[in-house]
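Everything below belongs to upload31.tsv, which stores TSV, C-alpha atoms.
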```
chain	number	residue	atom	x	y	z
A	2	MET	CA	138.57	-58.91	47.10
A	3	ILE	CA	137.12	-59.28	43.60
A	4	ARG	CA	138.07	-61.38	40.55
A	5	ASP	CA	136.55	-61.31	37.06
A	6	LEU	CA	135.73	-64.86	35.94
A	7	ARG	CA	136.43	-64.00	32.30
A	8	GLU	CA	140.12	-63.38	32.99
A	9	LEU	CA	141.23	-66.45	34.95
A	10	SER	CA	144.83	-67.57	35.07
A	11	PRO	CA	145.41	-71.09	33.68
A	12	SER	CA	147.53	-71.84	36.75
A	13	LEU	CA	144.50	-71.19	38.97
A	14	MET	CA	142.46	-73.76	37.07
A	15	ALA	CA	145.17	-76.47	37.07
A	16	PRO	CA	144.24	-79.91	38.44
A	17	PRO	CA	144.67	-80.55	42.18
A	18	PRO	CA	148.09	-81.58	43.44
A	19	GLU	CA	148.92	-85.29	43.23
A	20	GLY	CA	147.12	-87.29	45.91
A	21	VAL	CA	144.54	-84.53	46.55
A	22	THR	CA	140.90	-84.65	45.50
A	23	VAL	CA	138.27	-81.96	45.96
A	24	SER	CA	134.65	-83.07	46.22
A	25	PRO	CA	131.36	-81.23	46.65
A	26	VAL	CA	129.44	-81.73	49.88
A	27	LYS	CA	126.64	-84.09	48.85
A	28	ASP	CA	125.80	-86.27	51.86
A	29	GLU	CA	125.98	-86.64	55.65
A	30	GLN	CA	129.57	-87.93	55.58
A	31	SER	CA	130.90	-84.99	53.57
A	32	ILE	CA	128.94	-82.60	55.83
A	33	ALA	CA	130.63	-84.23	58.83
A	34	ASP	CA	134.03	-83.89	57.14
A	35	PHE	CA	133.38	-80.21	56.37
A	36	LEU	CA	132.24	-79.46	59.93
A	37	SER	CA	135.13	-81.35	61.53
A	38	LEU	CA	137.58	-79.23	59.54
A	39	GLU	CA	135.76	-76.00	60.37
A	40	SER	CA	135.80	-76.87	64.08
A	41	ALA	CA	139.46	-77.94	64.03
A	42	ILE	CA	140.70	-74.87	62.14
A	43	TRP	CA	138.38	-72.15	63.43
A	44	SER	CA	137.25	-73.52	66.83
A	45	CYS	CA	133.67	-72.49	66.15
A	46	ASP	CA	130.19	-73.86	66.70
A	47	PRO	CA	129.27	-75.77	63.52
A	48	SER	CA	125.47	-75.56	63.94
A	49	LYS	CA	124.96	-72.59	61.61
A	50	THR	CA	127.20	-74.06	58.91
A	51	ARG	CA	125.46	-77.43	59.26
A	52	GLU	CA	122.12	-75.75	58.51
A	53	LEU	CA	123.60	-73.99	55.46
A	54	LEU	CA	125.05	-77.25	54.12
A	55	LEU	CA	121.83	-79.20	54.74
A	56	SER	CA	119.66	-76.59	53.03
A	57	ALA	CA	122.05	-76.55	50.06
A	58	LEU	CA	121.47	-80.27	49.55
A	59	SER	CA	117.82	-79.61	48.76
A	60	ASP	CA	118.56	-76.92	46.14
A	61	PRO	CA	118.47	-78.61	42.71
A	62	LEU	CA	120.55	-75.79	41.20
A	63	GLN	CA	123.21	-76.07	43.92
A	64	ARG	CA	123.65	-72.32	44.19
A	65	ASP	CA	125.28	-72.72	47.62
A	66	LEU	CA	127.72	-75.57	47.82
A	67	GLY	CA	130.47	-76.73	50.14
A	68	PHE	CA	133.64	-78.48	49.03
A	69	VAL	CA	136.08	-80.69	50.93
A	70	ALA	CA	139.67	-81.43	49.92
A	71	TYR	CA	140.97	-84.90	50.76
A	72	SER	CA	144.40	-86.47	50.90
A	73	ASP	CA	144.20	-90.26	50.91
A	74	SER	CA	140.54	-89.98	52.04
A	75	LYS	CA	141.52	-87.75	55.00
A	76	PRO	CA	139.70	-84.38	54.98
A	77	ILE	CA	142.34	-81.62	54.84
A	78	GLY	CA	140.61	-78.47	53.60
A	79	PHE	CA	137.20	-76.95	53.00
A	80	GLY	CA	135.35	-73.98	51.50
A	81	ARG	CA	131.90	-72.88	50.35
A	82	VAL	CA	130.61	-70.92	47.39
A	83	THR	CA	127.33	-69.06	46.97
A	84	ALA	CA	125.75	-67.98	43.69
A	85	SER	CA	122.64	-65.83	43.71
A	86	PRO	CA	120.53	-65.94	40.54
A	87	HIS	CA	119.96	-62.19	40.94
A	88	SER	CA	123.60	-61.09	41.11
A	89	GLN	CA	126.71	-61.06	38.96
A	90	PHE	CA	128.75	-61.85	42.09
A	91	SER	CA	129.50	-65.22	43.60
A	92	GLY	CA	130.80	-65.42	47.17
A	93	LEU	CA	133.67	-67.57	48.37
A	94	TRP	CA	133.49	-68.48	52.06
A	95	GLY	CA	135.65	-70.25	54.62
A	96	GLY	CA	138.48	-71.49	52.40
A	97	SER	CA	140.83	-73.14	54.89
A	98	VAL	CA	143.42	-75.90	54.98
A	99	LEU	CA	144.85	-77.85	57.93
A	100	PRO	CA	148.27	-76.44	58.91
A	101	ASP	CA	150.17	-79.63	57.97
A	102	PHE	CA	148.87	-79.37	54.38
A	103	ARG	CA	149.38	-75.66	53.71
A	104	GLY	CA	151.75	-74.54	50.99
A	105	ARG	CA	151.00	-77.58	48.81
A	106	GLY	CA	148.34	-76.16	46.46
A	107	VAL	CA	145.29	-77.39	48.40
A	108	TYR	CA	143.85	-73.89	48.86
A	109	ARG	CA	144.26	-73.26	45.12
A	110	ALA	CA	142.55	-76.57	44.36
A	111	LEU	CA	139.59	-75.55	46.56
A	112	LEU	CA	139.43	-72.20	44.74
A	113	SER	CA	139.48	-73.96	41.38
A	114	ALA	CA	136.70	-76.39	42.31
A	115	ARG	CA	134.45	-73.58	43.52
A	116	ILE	CA	135.17	-71.49	40.41
A	117	GLN	CA	134.38	-74.43	38.13
A	118	HIS	CA	131.09	-74.85	39.96
A	119	VAL	CA	129.94	-71.22	39.56
A	120	ARG	CA	130.92	-71.07	35.90
A	121	GLN	CA	127.73	-73.01	35.13
A	122	PHE	CA	125.65	-69.97	36.13
A	123	ASP	CA	125.48	-67.55	33.20
A	124	SER	CA	124.68	-64.58	35.44
A	125	ILE	CA	127.88	-64.87	37.50
A	126	ARG	CA	130.75	-62.71	36.28
A	127	TYR	CA	132.71	-61.92	39.45
A	128	LEU	CA	134.02	-63.71	42.50
A	129	ARG	CA	134.09	-61.92	45.83
A	130	VAL	CA	135.80	-62.95	49.04
A	131	ASP	CA	136.28	-61.35	52.43
A	132	ALA	CA	139.85	-62.62	52.80
A	133	LEU	CA	141.89	-62.87	55.95
A	134	PRO	CA	145.49	-61.61	55.79
A	135	THR	CA	146.68	-65.23	55.48
A	136	SER	CA	144.64	-65.78	52.29
A	137	ARG	CA	145.19	-62.42	50.66
A	138	PRO	CA	148.63	-63.15	49.15
A	139	ILE	CA	147.36	-66.37	47.57
A	140	LEU	CA	144.31	-64.64	46.12
A	141	GLU	CA	146.41	-61.71	44.84
A	142	LYS	CA	148.71	-64.22	43.12
A	143	TYR	CA	145.67	-65.37	41.12
A	144	GLY	CA	144.49	-61.88	40.19
A	145	PHE	CA	142.06	-61.00	42.97
A	146	LYS	CA	142.04	-57.27	43.73
A	147	VAL	CA	141.36	-55.56	47.04
A	148	VAL	CA	138.39	-53.21	46.67
A	149	ALA	CA	137.35	-52.66	50.31
A	150	SER	CA	138.13	-53.61	53.88
A	151	THR	CA	135.89	-55.12	56.53
A	152	TRP	CA	136.28	-55.80	60.22
A	153	PRO	CA	134.64	-58.28	62.53
A	154	ALA	CA	131.79	-57.01	64.66
A	155	GLU	CA	129.44	-58.56	67.15
A	156	TRP	CA	125.99	-57.11	67.54
A	157	SER	CA	123.48	-58.13	70.13
A	158	PRO	CA	119.95	-56.87	69.48
A	159	ASP	CA	119.21	-57.19	73.23
A	160	ARG	CA	121.59	-54.39	74.20
```
Reformat the file's structure so that it appears as structure tokens.
Amino acid sequence: MIRDLRELSPSLMAPPPEGVTVSPVKDEQSIADFLSLESAIWSCDPSKTRELLLSALSDPLQRDLGFVAYSDSKPIGFGRVTASPHSQFSGLWGGSVLPDFRGRGVYRALLSARIQHVRQFDSIRYLRVDALPTSRPILEKYGFKVVASTWPAEWSPDR
């Protein structure tokens, strides 16, 4: 799915819902919060994501950045954004919210925080996301358009 940054809906950029804050991943505690959410929601090994988040901390331009949504200091949602200096496209990755907090605007707040972050890069014009069917309706509501389909694949170079 693709979205032009120059044509954003004001409702997409509204402040987070009451009692929710969205913060960038900046230290070990926020990395731990991000990884705990990823493991709880996706049941995956967090080692690869941990390396991505750690390497992002050393980038002074913060081109790759994770975000965590909190409700009363409890981590409830997460997502990452990547911004290459050689592309007009920024990637949105892993936007997810704990089931008990879905339908309350947390996913939108995570989108908004990541969009605000990439707006600082003059080269970025478009957002792209490989959305699951659960996220597609939310993204379509905010003007994202389907331009292609993907499917999961596992490749082992040893075979």
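One distance worth recording is that between atom CA of Glu141 of chain A and atom CA of Leu13 of chain A, which is 11.3 Å.
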*With a distance cut-off of 12 Å and all atoms listed in the file, select the neighbouring residues of segment 90-95 of chain A, excluding the residue or stretch itself and same-chain residues fewer than 6 positions from it, and output the selection as a count of residues only.*
55
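Residue neighbourhood of Asp28 of chain A, excluding near-sequence residues (fewer than 4 positions): Ile32, Ala33, Leu54, Leu55 and Leu58 of chain A, at 10 Å, using only C-alpha atoms.
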Selection above as a file: C-alpha atoms, as a PDB file, keeping the file's coordinate frame:
```pdb
ATOM      1  CA  ILE A  32     128.940 -82.600  55.830  1.00  0.00           C
ATOM      2  CA  ALA A  33     130.630 -84.230  58.830  1.00  0.00           C
ATOM      3  CA  LEU A  54     125.050 -77.250  54.120  1.00  0.00           C
ATOM      4  CA  LEU A  55     121.830 -79.200  54.740  1.00  0.00           C
ATOM      5  CA  LEU A  58     121.470 -80.270  49.550  1.00  0.00           C
TER       6      LEU A  58
END
```
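Distances from A:Val21, A:Ala15, A:Val148, A:Val98 to Asp73 of chain A were compared using all atoms listed in the file, and the smallest one belongs to A:Val21.
Comparing A:Pro100, A:Pro18, A:Pro134, A:Ser85 by their smallest distance to Trp152 of chain A, the closest is A:Pro134 (using only C-alpha atoms).
Take atom CA of Val107 of chain A and atom CA of Asp34 of chain A: the distance between them is 15.7 Å.
In this structure, atom CA of Lys142 of chain A sits 9.5 Å away from atom CA of Ser10 of chain A.
For the residues A:Thr135, A:Ser12, A:Asp101, A:Ser150, ranking by smallest atom-to-atom distance to Pro76 of chain A using all atoms listed in the file places A:Asp101 first.
Comparing the minimum interatomic distances between Arg51 of chain A and each of A:Arg7, A:Glu29, A:Thr151, A:Phe102, counting all atoms listed in the file, we find that A:Glu29 sits nearest.
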